[in-house]
$ cat data-v2.cif   # mmCIF, C-alpha atoms and all ligand atoms
data_my_file
#
loop_
_atom_site.label_atom_id
_atom_site.label_comp_id
_atom_site.auth_asym_id
_atom_site.auth_seq_id
_atom_site.Cartn_x
_atom_site.Cartn_y
_atom_site.Cartn_z
CA MET E 1 -117.59 27.85 35.07
CA PRO E 2 -119.79 24.75 34.57
CA THR E 3 -123.42 24.98 35.63
CA ASN E 4 -124.64 23.04 38.64
CA ARG E 5 -125.35 19.42 37.95
CA LYS E 6 -127.39 16.65 39.49
CA ILE E 7 -125.42 13.44 39.39
CA ILE E 8 -125.82 9.76 40.23
CA ILE E 9 -122.50 8.08 41.05
CA ASP E 10 -122.51 4.39 40.12
CA THR E 11 -119.54 2.83 41.85
CA ASP E 12 -117.60 -0.16 43.20
CA PRO E 13 -115.41 1.36 45.96
CA GLY E 14 -112.38 0.84 45.64
CA GLN E 15 -109.96 3.48 46.96
CA ASP E 16 -110.06 5.57 43.78
CA ASP E 17 -113.86 5.41 43.75
CA ALA E 18 -113.75 6.62 47.35
CA ILE E 19 -111.63 9.65 46.40
CA ALA E 20 -114.05 10.37 43.54
CA ILE E 21 -117.01 10.29 45.94
CA LEU E 22 -115.19 12.62 48.36
CA LEU E 23 -114.39 15.02 45.51
CA ALA E 24 -118.05 15.09 44.46
CA LEU E 25 -119.35 15.58 48.00
CA ALA E 26 -116.84 18.40 48.53
CA SER E 27 -118.04 20.28 45.45
CA PRO E 28 -120.99 22.68 45.73
CA GLU E 29 -121.50 22.65 41.94
CA LEU E 30 -122.59 19.01 42.18
CA GLU E 31 -125.74 17.62 43.76
CA VAL E 32 -125.25 13.92 44.42
CA VAL E 33 -128.84 12.69 44.19
CA GLY E 34 -127.78 9.14 44.97
CA ILE E 35 -124.93 6.66 44.96
CA THR E 36 -125.58 3.28 43.38
CA ALA E 37 -123.25 0.40 44.19
CA VAL E 38 -122.30 -2.40 41.83
CA ALA E 39 -120.12 -5.49 42.16
CA GLY E 40 -116.64 -4.84 40.79
CA ASN E 41 -113.43 -4.32 42.72
CA VAL E 42 -114.97 -6.37 45.52
CA PRO E 43 -118.39 -8.06 45.89
CA LEU E 44 -121.55 -5.93 46.20
CA ARG E 45 -121.99 -6.41 49.96
CA LEU E 46 -118.63 -4.64 50.39
CA THR E 47 -119.02 -1.97 47.68
CA GLU E 48 -122.34 -0.77 49.10
CA LYS E 49 -120.91 -0.73 52.61
CA ASN E 50 -117.79 1.09 51.43
CA ALA E 51 -119.91 3.75 49.72
CA ARG E 52 -121.68 4.37 53.04
CA LYS E 53 -118.36 4.50 54.91
CA ILE E 54 -117.17 7.23 52.56
CA CYS E 55 -120.36 9.27 52.86
CA GLU E 56 -119.93 9.18 56.64
CA LEU E 57 -116.26 10.13 56.34
CA ALA E 58 -117.39 13.16 54.32
CA GLY E 59 -119.92 14.02 57.02
CA ARG E 60 -122.78 13.29 54.62
CA PRO E 61 -124.86 10.42 56.08
CA ASP E 62 -127.87 12.01 54.36
CA VAL E 63 -126.71 10.85 50.90
CA ARG E 64 -128.80 7.90 49.71
CA VAL E 65 -126.88 4.73 48.84
CA PHE E 66 -128.51 1.92 46.86
CA ALA E 67 -127.29 -1.61 46.11
CA GLY E 68 -127.49 -2.85 42.54
CA ALA E 69 -126.25 -5.80 40.53
CA GLU E 70 -124.37 -8.59 42.28
CA ARG E 71 -122.81 -9.96 39.12
CA PRO E 72 -122.20 -9.09 35.47
CA LEU E 73 -124.95 -9.63 32.86
CA LEU E 74 -123.50 -12.77 31.33
CA ARG E 75 -119.99 -13.48 32.50
CA ARG E 76 -118.77 -14.83 35.82
CA SER E 77 -117.76 -12.29 38.46
CA VAL E 78 -114.18 -10.98 38.50
CA THR E 79 -112.90 -8.93 41.45
CA ALA E 80 -109.64 -7.12 42.22
CA GLU E 81 -108.72 -7.74 45.88
CA HIS E 82 -105.09 -8.02 44.76
CA VAL E 83 -105.24 -4.28 44.01
CA HIS E 84 -107.71 -2.91 46.55
CA GLY E 85 -107.18 -5.31 49.48
CA LYS E 86 -109.72 -7.62 51.09
CA THR E 87 -112.20 -4.91 52.04
CA GLY E 88 -111.84 -2.88 48.83
CA LEU E 89 -110.91 0.10 51.00
CA ASP E 90 -107.75 -1.17 52.68
CA GLY E 91 -105.48 1.58 53.97
CA PRO E 92 -107.13 3.73 56.64
CA VAL E 93 -109.18 2.36 59.51
CA LEU E 94 -112.73 3.54 58.86
CA PRO E 95 -115.61 2.76 61.22
CA GLU E 96 -118.46 0.48 60.20
CA PRO E 97 -121.18 2.71 58.73
CA THR E 98 -124.35 3.40 60.68
CA MET E 99 -126.30 5.18 57.93
CA PRO E 100 -128.80 2.83 56.31
CA LEU E 101 -128.64 1.22 52.90
CA GLN E 102 -131.75 2.24 50.92
CA GLU E 103 -134.26 -0.55 50.34
CA GLN E 104 -134.93 0.34 46.71
CA HIS E 105 -132.82 -1.49 44.12
CA ALA E 106 -130.18 0.71 42.45
CA VAL E 107 -131.56 0.01 38.97
CA ASP E 108 -135.07 1.09 40.03
CA PHE E 109 -133.63 4.23 41.61
CA ILE E 110 -131.76 5.16 38.42
CA ILE E 111 -134.90 4.65 36.31
CA GLU E 112 -137.20 6.44 38.75
CA THR E 113 -134.86 9.43 39.01
CA LEU E 114 -134.43 9.80 35.27
CA MET E 115 -138.18 9.51 34.62
CA LYS E 116 -139.12 11.86 37.46
CA GLU E 117 -136.58 14.65 37.05
CA GLU E 118 -136.73 17.07 34.15
CA SER E 119 -135.31 15.48 30.99
CA GLY E 120 -131.65 16.37 30.37
CA THR E 121 -130.82 17.24 33.97
CA ILE E 122 -129.33 14.01 35.36
CA THR E 123 -125.71 13.05 34.68
CA LEU E 124 -124.65 9.46 35.32
CA CYS E 125 -121.11 8.92 36.62
CA PRO E 126 -120.19 5.23 36.33
CA LEU E 127 -116.92 4.37 38.09
CA GLY E 128 -117.17 0.59 37.92
CA PRO E 129 -118.51 -2.15 35.65
CA LEU E 130 -121.55 -0.86 33.73
CA THR E 131 -124.01 -3.56 34.87
CA ASN E 132 -126.44 -1.26 36.73
CA ILE E 133 -126.54 1.29 33.93
CA ALA E 134 -127.11 -1.37 31.27
CA LEU E 135 -129.86 -3.02 33.30
CA ALA E 136 -131.61 0.34 33.69
CA LEU E 137 -131.36 1.00 29.94
CA ILE E 138 -132.69 -2.46 29.13
CA ARG E 139 -135.54 -2.31 31.62
CA GLU E 140 -136.65 1.23 30.71
CA PRO E 141 -135.31 2.31 27.29
CA ARG E 142 -137.14 5.66 27.62
CA ILE E 143 -134.42 6.81 30.02
CA ALA E 144 -131.72 6.99 27.29
CA PRO E 145 -132.80 10.30 25.71
CA ARG E 146 -133.45 11.79 29.16
CA ILE E 147 -129.81 11.36 30.33
CA LYS E 148 -127.84 14.61 30.19
CA GLU E 149 -124.54 12.79 29.89
CA ILE E 150 -122.82 9.58 30.95
CA VAL E 151 -119.29 10.44 32.11
CA LEU E 152 -117.55 7.14 32.79
CA MET E 153 -114.17 5.75 33.74
CA GLY E 154 -113.36 2.78 31.58
CA GLY E 155 -111.48 1.45 28.60
CA GLY E 156 -108.11 2.28 27.16
CA PHE E 157 -106.81 2.40 23.63
CA PHE E 158 -103.32 3.77 23.11
CA GLU E 159 -102.35 2.59 26.58
CA GLY E 160 -103.73 -0.95 26.16
CA GLY E 161 -105.44 -2.74 29.02
CA ASN E 162 -104.78 -3.25 32.72
CA MET E 163 -106.71 -6.53 33.12
CA THR E 164 -105.65 -8.15 29.89
CA PRO E 165 -103.32 -6.72 27.25
CA ALA E 166 -106.45 -5.42 25.50
CA ALA E 167 -108.99 -4.65 28.21
CA GLU E 168 -109.40 -2.28 31.14
CA PHE E 169 -110.98 -3.65 34.34
CA ASN E 170 -114.41 -1.93 34.32
CA ILE E 171 -115.16 -2.87 30.73
CA TYR E 172 -113.58 -6.32 31.00
CA VAL E 173 -115.71 -7.31 33.99
CA ASP E 174 -118.97 -6.66 32.15
CA PRO E 175 -118.31 -6.14 28.44
CA HIS E 176 -121.91 -6.90 27.51
CA ALA E 177 -123.14 -4.14 29.79
CA ALA E 178 -120.58 -1.75 28.29
CA ASP E 179 -121.82 -2.70 24.82
CA VAL E 180 -125.40 -1.80 25.82
CA VAL E 181 -124.25 1.56 27.21
CA PHE E 182 -122.12 2.53 24.19
CA ARG E 183 -125.04 1.68 21.87
CA SER E 184 -127.62 3.56 23.97
CA GLY E 185 -127.51 6.84 22.08
CA ALA E 186 -126.96 8.81 25.31
CA PRO E 187 -124.11 11.37 25.19
CA ILE E 188 -120.99 9.67 26.59
CA VAL E 189 -117.66 11.02 27.85
CA VAL E 190 -114.96 8.41 28.44
CA MET E 191 -112.02 8.70 30.83
CA PRO E 192 -109.84 5.80 29.66
CA LEU E 193 -106.49 4.56 30.93
CA ASP E 194 -104.92 6.88 28.33
CA VAL E 195 -105.91 9.75 30.65
CA THR E 196 -105.75 8.14 34.07
CA HIS E 197 -102.24 6.75 33.58
CA LYS E 198 -101.12 10.40 33.38
CA ALA E 199 -102.74 11.24 36.73
CA LEU E 200 -100.11 9.74 39.04
CA THR E 201 -100.33 9.86 42.83
CA THR E 202 -96.72 10.94 43.31
CA ALA E 203 -95.26 11.17 46.83
CA ALA E 204 -95.44 15.00 46.67
CA ARG E 205 -99.12 14.96 45.65
CA ILE E 206 -100.06 12.58 48.48
CA GLU E 207 -98.04 14.67 50.92
CA ALA E 208 -100.02 17.77 49.89
CA ILE E 209 -103.23 15.92 50.74
CA ARG E 210 -101.88 14.63 54.05
CA SER E 211 -100.70 18.13 54.97
CA LEU E 212 -104.31 19.31 55.00
CA GLY E 213 -104.12 17.97 58.55
CA THR E 214 -107.78 16.92 58.55
CA ARG E 215 -109.43 13.56 59.16
CA VAL E 216 -110.46 13.41 55.49
CA GLY E 217 -106.95 14.41 54.35
CA ASP E 218 -105.36 11.68 56.48
CA ALA E 219 -107.85 9.05 55.30
CA ALA E 220 -107.47 10.08 51.65
CA ALA E 221 -103.66 9.92 51.90
CA ALA E 222 -103.86 6.46 53.50
CA LEU E 223 -106.27 5.26 50.79
CA LEU E 224 -103.98 6.54 48.04
CA GLU E 225 -100.85 5.06 49.59
CA PHE E 226 -102.42 1.64 49.81
CA PHE E 227 -103.88 1.89 46.31
CA GLU E 228 -100.67 2.94 44.57
CA ARG E 229 -98.44 0.18 45.94
CA PHE E 230 -99.65 -2.39 43.40
CA ASP E 231 -99.40 -0.11 40.36
CA GLU E 232 -96.05 1.42 41.38
CA GLU E 233 -94.62 -2.06 41.30
CA LYS E 234 -96.42 -2.93 38.07
CA TYR E 235 -95.55 0.21 36.11
CA GLY E 236 -92.36 1.28 37.88
CA THR E 237 -93.65 4.81 38.42
CA ASP E 238 -93.65 7.31 41.33
CA GLY E 239 -97.31 6.88 42.26
CA GLY E 240 -100.13 4.98 40.63
CA PRO E 241 -102.89 6.14 38.27
CA LEU E 242 -105.81 7.85 40.00
CA HIS E 243 -108.63 6.69 37.74
CA ASP E 244 -112.13 7.43 39.00
CA PRO E 245 -111.74 11.02 40.31
CA CYS E 246 -111.04 12.08 36.70
CA VAL E 247 -114.77 11.64 36.04
CA ILE E 248 -115.76 14.08 38.77
CA ALA E 249 -112.93 16.49 37.91
CA TYR E 250 -114.27 16.64 34.35
CA LEU E 251 -117.65 17.84 35.64
CA LEU E 252 -115.94 20.57 37.65
CA ARG E 253 -113.14 21.62 35.28
CA PRO E 254 -113.68 20.15 31.78
CA GLU E 255 -110.82 22.27 30.44
CA LEU E 256 -108.36 20.02 32.31
CA PHE E 257 -109.04 17.33 29.70
CA THR E 258 -108.70 17.06 25.95
CA GLY E 259 -110.02 14.40 23.63
CA ARG E 260 -111.91 13.65 20.48
CA HIS E 261 -115.46 12.71 19.54
CA CYS E 262 -115.33 9.31 17.90
CA ASN E 263 -116.84 5.85 17.61
CA VAL E 264 -116.25 3.35 20.40
CA GLU E 265 -117.29 -0.28 20.17
CA VAL E 266 -116.73 -2.99 22.76
CA GLU E 267 -115.36 -6.44 21.95
CA ILE E 268 -117.81 -9.07 23.19
CA SER E 269 -116.93 -12.08 21.04
CA SER E 270 -113.24 -12.86 21.08
CA GLU E 271 -111.94 -14.25 24.38
CA LEU E 272 -108.45 -12.93 23.54
CA THR E 273 -109.57 -9.29 23.35
CA MET E 274 -112.79 -9.53 25.42
CA GLY E 275 -113.78 -6.10 26.77
CA MET E 276 -111.44 -4.12 24.55
CA THR E 277 -112.71 -0.63 23.72
CA VAL E 278 -112.07 -0.26 20.00
CA VAL E 279 -111.78 3.50 19.45
CA ASP E 280 -111.95 4.87 15.91
CA TRP E 281 -109.60 7.71 16.83
CA TRP E 282 -108.54 8.38 13.25
CA GLY E 283 -112.05 8.20 11.78
CA VAL E 284 -111.24 5.32 9.49
CA THR E 285 -114.78 3.93 9.58
CA ASP E 286 -118.16 5.55 9.07
CA ARG E 287 -119.44 4.14 12.33
CA PRO E 288 -121.40 6.72 14.35
CA LYS E 289 -119.46 8.97 16.75
CA ASN E 290 -120.96 7.84 20.03
CA ALA E 291 -118.47 9.09 22.60
CA MET E 292 -116.13 11.91 23.55
CA VAL E 293 -112.93 9.99 24.29
CA MET E 294 -110.41 11.83 26.43
CA ARG E 295 -106.69 11.36 25.90
CA ASP E 296 -104.89 14.04 27.89
CA ILE E 297 -105.09 15.67 31.29
CA ASP E 298 -103.49 18.63 33.03
CA ALA E 299 -102.36 16.41 35.92
CA ASP E 300 -101.07 19.25 38.12
CA GLY E 301 -104.34 21.14 37.68
CA PHE E 302 -106.26 17.97 38.52
CA PHE E 303 -104.35 17.33 41.77
CA THR E 304 -104.61 20.98 42.79
CA LEU E 305 -108.37 20.82 42.29
CA LEU E 306 -108.60 17.57 44.25
CA THR E 307 -106.51 18.84 47.16
CA ASP E 308 -108.36 22.17 47.35
CA ARG E 309 -111.71 20.43 47.38
CA LEU E 310 -110.73 17.78 49.96
CA ALA E 311 -109.70 20.68 52.21
CA ARG E 312 -113.38 21.71 52.38
CA LEU E 313 -114.50 18.46 54.02
C1 LIG P 1 -110.82 0.94 37.25
O1 LIG P 1 -110.85 -0.35 37.83
C2 LIG P 1 -110.95 -0.26 39.22
O2 LIG P 1 -110.01 -1.09 39.83
C3 LIG P 1 -110.78 1.19 39.59
O3 LIG P 1 -111.64 1.51 40.67
C4 LIG P 1 -111.16 1.93 38.35
O4 LIG P 1 -112.55 2.20 38.30
C5 LIG P 1 -109.48 1.17 36.60
O5 LIG P 1 -109.25 0.22 35.62
CA CA P 2 -113.97 1.92 40.26
#

$ encode --input "data-v2.cif" --output "C-alpha cells"
Amino acid sequence: MPTNRKIIIDTDPGQDDAIAILLALASPELEVVGITAVAGNVPLRLTEKNARKICELAGRPDVRVFAGAERPLLRRSVTAEHVHGKTGLDGPVLPEPTMPLQEQHAVDFIIETLMKEESGTITLCPLGPLTNIALALIREPRIAPRIKEIVLMGGGFFEGGNMTPAAEFNIYVDPHAADVVFRSGAPIVVMPLDVTHKALTTAARIEAIRSLGTRVGDAAAALLEFFERFDEEKYGTDGGPLHDPCVIAYLLRPELFTGRHCNVEVEISSELTMGMTVVDWWGVTDRPKNAMVMRDIDADGFFTLLTDRLARL
C-alpha cells in the first residue's frame, strides 16, 4: 500500500487529463495541493477553465487551480482540437465553472510549494507539455532536489510517436522544456505511449463506468466516448489509449506497471525527429540513468481501479 502523497497536477485538459484529475480527487491516498494548467491540447484560457470544470464535477471547488505558460519555451504553439474537440473537453455538457482561478502564476505556485513544504514530500504529475515544470526549474533550481518524484505522461519509444513518426504530443509540443526536465536530476517516472497504448477504452470498460449510474460516471463515459473516436479510427482498435490516468494509477497501484531504469534524452535539434524521447533501454551507452521508463501495464487492473474510484465521487 503506497503512503499518502501530496501532489501537484500540471495539466492541459483534455478528456484524458480530466479522467486523471477525477481519479486523483477520488483517491484518499492523494492530497492534490494544486492543479496547474498549461497550454497544450487547447490554449491556456481553455485548459485552466476545463481544470476548474472538472474540480466542480468532482464536487471539489476548494481545489486551487493556477494558470501557467501560454506557449512553449521556444517553439510555436501546437494544439490538438482535432482530437479533443474545440473546447478540449467535448463530449458531456458541463456547466461553466464558478470557482475562481487563483491569481498566482502556476510557476510561482510550484516553486513556492516546493520551497515551503518539507523536502521530498511533493510529487509533480505533469500530464501535458512540460513548459511550467521547466520554467520552475529554470527560475528556482533549488527545487530540483526537493522534488519527491516527477511522474509524467509523455514520450514513446517502441511504439513510436503519435504527433510525428518519432514524437509523442506532450514532448513534441515543448521539447526544450522536456529536455530541461529530463536533465534536472529529479527522480522521474515516465508513462510513455508504450504503456498507454495498452490501456484501451473498450466498449465494455466504458459501459462499466456508465453503469455506475452517477453524474460523474455519465460524464466520464461521455468524455471517453468522444476522446476515443479519433484514435479508434487511427489505430483500428476497440477503444482508444487512455494516457494521463496512468500517471495517477501509478501513484495508487505501482505494481500495475513494469519498466526499467534507463537514460532518456530528448531530441531538440533535428526537425525530422524533434521531440523524440531516445530511451537507452538496452544500456548501450554510459549515459546516466535518469528515468524509470514504464513499458507494460495490467490494463484490466487499471480499469478496475479507475471504475472503483470514480464510483466514490
Ligand atoms: C498526450 O497528449 C494529449 O493529447 C493527451 O492529453 C496526453 O497527455 C498523449 O500523447
Ligand atoms: Ca494531457

$ residues_near_ligand --input "data-v2.cif" --ligand "ligand CA 2 (chain P)" --cutoff "6 Å" --atoms "only C-alpha atoms and all ligand atoms" --output "list in words"
Thr11, Asp12, Pro13, Gly14, Asp17, Leu127, Gly128 and Asp244 of chain E

$ residues_around --input "data-v2.cif" --residues "Thr121 in chain E" --least-positions-apart "2" --cutoff "10 Å" --atoms "all atoms listed in the file" --output "list in words"
Asn4, Arg5, Lys6, Ile7, Leu114, Glu117, Glu118, Ser119, Thr123, Arg146, Ile147, Lys148 and Glu149 of chain E

$ closest_residue --input "data-v2.cif" --among "E:Tyr250, E:Tyr172, E:Trp281, E:Tyr235" --to "ligand LIG 1 (chain P)" --atoms "all atoms listed in the file"
E:Tyr172

$ residues_near_ligand --input "data-v2.cif" --ligand "ligand LIG 1 (chain P)" --cutoff "9 Å" --atoms "only C-alpha atoms and all ligand atoms" --output "PyMOL selection string"
chain E and resi 11-18+40-41+79-80+83-84+126-129+152-156+161-163+167-171+192-193+196+241-244

$ atom_distance --input "data-v2.cif" --atom1 "CA of Pro187 in chain E" --atom2 "CA of Val38 in chain E"
21.7 Å

$ residues_around --input "data-v2.cif" --residues "range 102-106 of chain E" --least-positions-apart "3" --cutoff "10 Å" --atoms "all atoms listed in the file" --output "MDAnalysis selection string"
chainID E and resid 10 34:38 63:69 99 109:112 132:133 135:136

$ write_last_selection --input "data-v2.cif" --atoms "C-alpha atoms" --output "mmCIF file, in the frame of the given file"
data_model
loop_
_atom_site.group_PDB
_atom_site.id
_atom_site.type_symbol
_atom_site.label_atom_id
_atom_site.label_comp_id
_atom_site.auth_asym_id
_atom_site.auth_seq_id
_atom_site.Cartn_x
_atom_site.Cartn_y
_atom_site.Cartn_z
ATOM 1 C CA ASP E 10 -122.510 4.390 40.120
ATOM 2 C CA GLY E 34 -127.780 9.140 44.970
ATOM 3 C CA ILE E 35 -124.930 6.660 44.960
ATOM 4 C CA THR E 36 -125.580 3.280 43.380
ATOM 5 C CA ALA E 37 -123.250 0.400 44.190
ATOM 6 C CA VAL E 38 -122.300 -2.400 41.830
ATOM 7 C CA VAL E 63 -126.710 10.850 50.900
ATOM 8 C CA ARG E 64 -128.800 7.900 49.710
ATOM 9 C CA VAL E 65 -126.880 4.730 48.840
ATOM 10 C CA PHE E 66 -128.510 1.920 46.860
ATOM 11 C CA ALA E 67 -127.290 -1.610 46.110
ATOM 12 C CA GLY E 68 -127.490 -2.850 42.540
ATOM 13 C CA ALA E 69 -126.250 -5.800 40.530
ATOM 14 C CA MET E 99 -126.300 5.180 57.930
ATOM 15 C CA PHE E 109 -133.630 4.230 41.610
ATOM 16 C CA ILE E 110 -131.760 5.160 38.420
ATOM 17 C CA ILE E 111 -134.900 4.650 36.310
ATOM 18 C CA GLU E 112 -137.200 6.440 38.750
ATOM 19 C CA ASN E 132 -126.440 -1.260 36.730
ATOM 20 C CA ILE E 133 -126.540 1.290 33.930
ATOM 21 C CA LEU E 135 -129.860 -3.020 33.300
ATOM 22 C CA ALA E 136 -131.610 0.340 33.690
#

$ residues_around --input "data-v2.cif" --residues "range 198-207 of chain E" --least-positions-apart "4" --cutoff "7 Å" --atoms "all atoms listed in the file" --output "count of residues only"
10

$ residues_around --input "data-v2.cif" --residues "Leu73 in chain E" --least-positions-apart "2" --cutoff "7 Å" --atoms "all atoms listed in the file" --output "list in words"
Arg71, Arg75, Thr131, Asp174, His176 and Ala177 of chain E

$ closest_residue --input "data-v2.cif" --among "E:Val247, E:Leu89, E:Val266, E:Val173" --to "Glu225 in chain E" --atoms "only C-alpha atoms"
E:Leu89

$ atom_distance --input "data-v2.cif" --atom1 "CA of Ala166 in chain E" --atom2 "CA of Glu271 in chain E"
10.5 Å

$ residues_around --input "data-v2.cif" --residues "Ala26 in chain E" --least-positions-apart "5" --cutoff "8 Å" --atoms "only C-alpha atoms" --output "compact mmCIF listing (two decimals) with C-alpha atoms, keeping the file's coordinate frame"
# COMPACT_ATOMS: atom_id res chain seq x y z
CA ALA E 58 -117.39 13.16 54.32
CA ARG E 309 -111.71 20.43 47.38
CA LEU E 310 -110.73 17.78 49.96
CA ARG E 312 -113.38 21.71 52.38
CA LEU E 313 -114.50 18.46 54.02

$ closest_residue --input "data-v2.cif" --among "E:Glu81, E:Gly120, E:Phe226, E:Asn50" --to "Leu101 in chain E" --atoms "all atoms listed in the file"
E:Asn50

$ closest_residue --input "data-v2.cif" --among "E:Val189, E:Val151, E:Ala39, E:Cys246" --to "Leu23 in chain E" --atoms "only C-alpha atoms"
E:Cys246

$ closest_residue --input "data-v2.cif" --among "E:Glu255, E:Asp179, E:Glu228, E:Asp194" --to "Gly275 in chain E" --atoms "only C-alpha atoms"
E:Asp179

$ atom_distance --input "data-v2.cif" --atom1 "CA of Ser184 in chain E" --atom2 "CA of Val278 in chain E"
16.5 Å

$ residues_near_point --input "data-v2.cif" --point "(-119.2, 6.8, 56.5)" --cutoff "8 Å" --atoms "all atoms listed in the file" --output "ChimeraX atom specification"
/E:50-61,94-99

$ residues_near_point --input "data-v2.cif" --point "(-115.7, 3.4, 16.4)" --cutoff "9 Å" --atoms "all atoms listed in the file" --output "ChimeraX atom specification"
/E:262-265,277-281,283-291

$ build_atoms --input "data-v2.cif" --residues "range 130-144 of chain E" --atoms "N, CA and C atoms" --output "mmCIF file, in the coordinates of the input"
data_model
loop_
_atom_site.group_PDB
_atom_site.id
_atom_site.type_symbol
_atom_site.label_atom_id
_atom_site.label_comp_id
_atom_site.auth_asym_id
_atom_site.auth_seq_id
_atom_site.Cartn_x
_atom_site.Cartn_y
_atom_site.Cartn_z
ATOM 1 N N LEU E 130 -120.351 -1.614 34.134
ATOM 2 C CA LEU E 130 -121.550 -0.860 33.730
ATOM 3 C C LEU E 130 -122.857 -1.648 33.897
ATOM 4 N N THR E 131 -122.846 -2.670 34.728
ATOM 5 C CA THR E 131 -124.010 -3.560 34.870
ATOM 6 C C THR E 131 -125.287 -2.821 35.265
ATOM 7 N N ASN E 132 -125.218 -1.962 36.286
ATOM 8 C CA ASN E 132 -126.440 -1.260 36.730
ATOM 9 C C ASN E 132 -126.986 -0.351 35.630
ATOM 10 N N ILE E 133 -126.102 0.339 34.956
ATOM 11 C CA ILE E 133 -126.540 1.290 33.930
ATOM 12 C C ILE E 133 -127.184 0.533 32.760
ATOM 13 N N ALA E 134 -126.553 -0.582 32.367
ATOM 14 C CA ALA E 134 -127.110 -1.370 31.270
ATOM 15 C C ALA E 134 -128.470 -1.949 31.653
ATOM 16 N N LEU E 135 -128.574 -2.450 32.871
ATOM 17 C CA LEU E 135 -129.860 -3.020 33.300
ATOM 18 C C LEU E 135 -130.953 -1.955 33.285
ATOM 19 N N ALA E 136 -130.616 -0.744 33.702
ATOM 20 C CA ALA E 136 -131.610 0.340 33.690
ATOM 21 C C ALA E 136 -132.026 0.651 32.250
ATOM 22 N N LEU E 137 -131.058 0.694 31.344
ATOM 23 C CA LEU E 137 -131.360 1.000 29.940
ATOM 24 C C LEU E 137 -132.199 -0.104 29.293
ATOM 25 N N ILE E 138 -131.942 -1.345 29.705
ATOM 26 C CA ILE E 138 -132.690 -2.460 29.130
ATOM 27 C C ILE E 138 -134.119 -2.464 29.680
ATOM 28 N N ARG E 139 -134.211 -2.236 30.978
ATOM 29 C CA ARG E 139 -135.540 -2.310 31.620
ATOM 30 C C ARG E 139 -136.425 -1.124 31.228
ATOM 31 N N GLU E 140 -135.850 0.055 31.068
ATOM 32 C CA GLU E 140 -136.650 1.230 30.710
ATOM 33 C C GLU E 140 -135.913 2.052 29.642
ATOM 34 N N PRO E 141 -136.054 1.636 28.371
ATOM 35 C CA PRO E 141 -135.310 2.310 27.290
ATOM 36 C C PRO E 141 -135.644 3.800 27.181
ATOM 37 N N ARG E 142 -136.796 4.226 27.735
ATOM 38 C CA ARG E 142 -137.140 5.660 27.620
ATOM 39 C C ARG E 142 -136.193 6.546 28.411
ATOM 40 N N ILE E 143 -135.344 5.945 29.257
ATOM 41 C CA ILE E 143 -134.420 6.810 30.020
ATOM 42 C C ILE E 143 -133.293 7.356 29.130
ATOM 43 N N ALA E 144 -132.929 6.617 28.067
ATOM 44 C CA ALA E 144 -131.720 6.990 27.290
ATOM 45 C C ALA E 144 -131.742 8.456 26.830
#
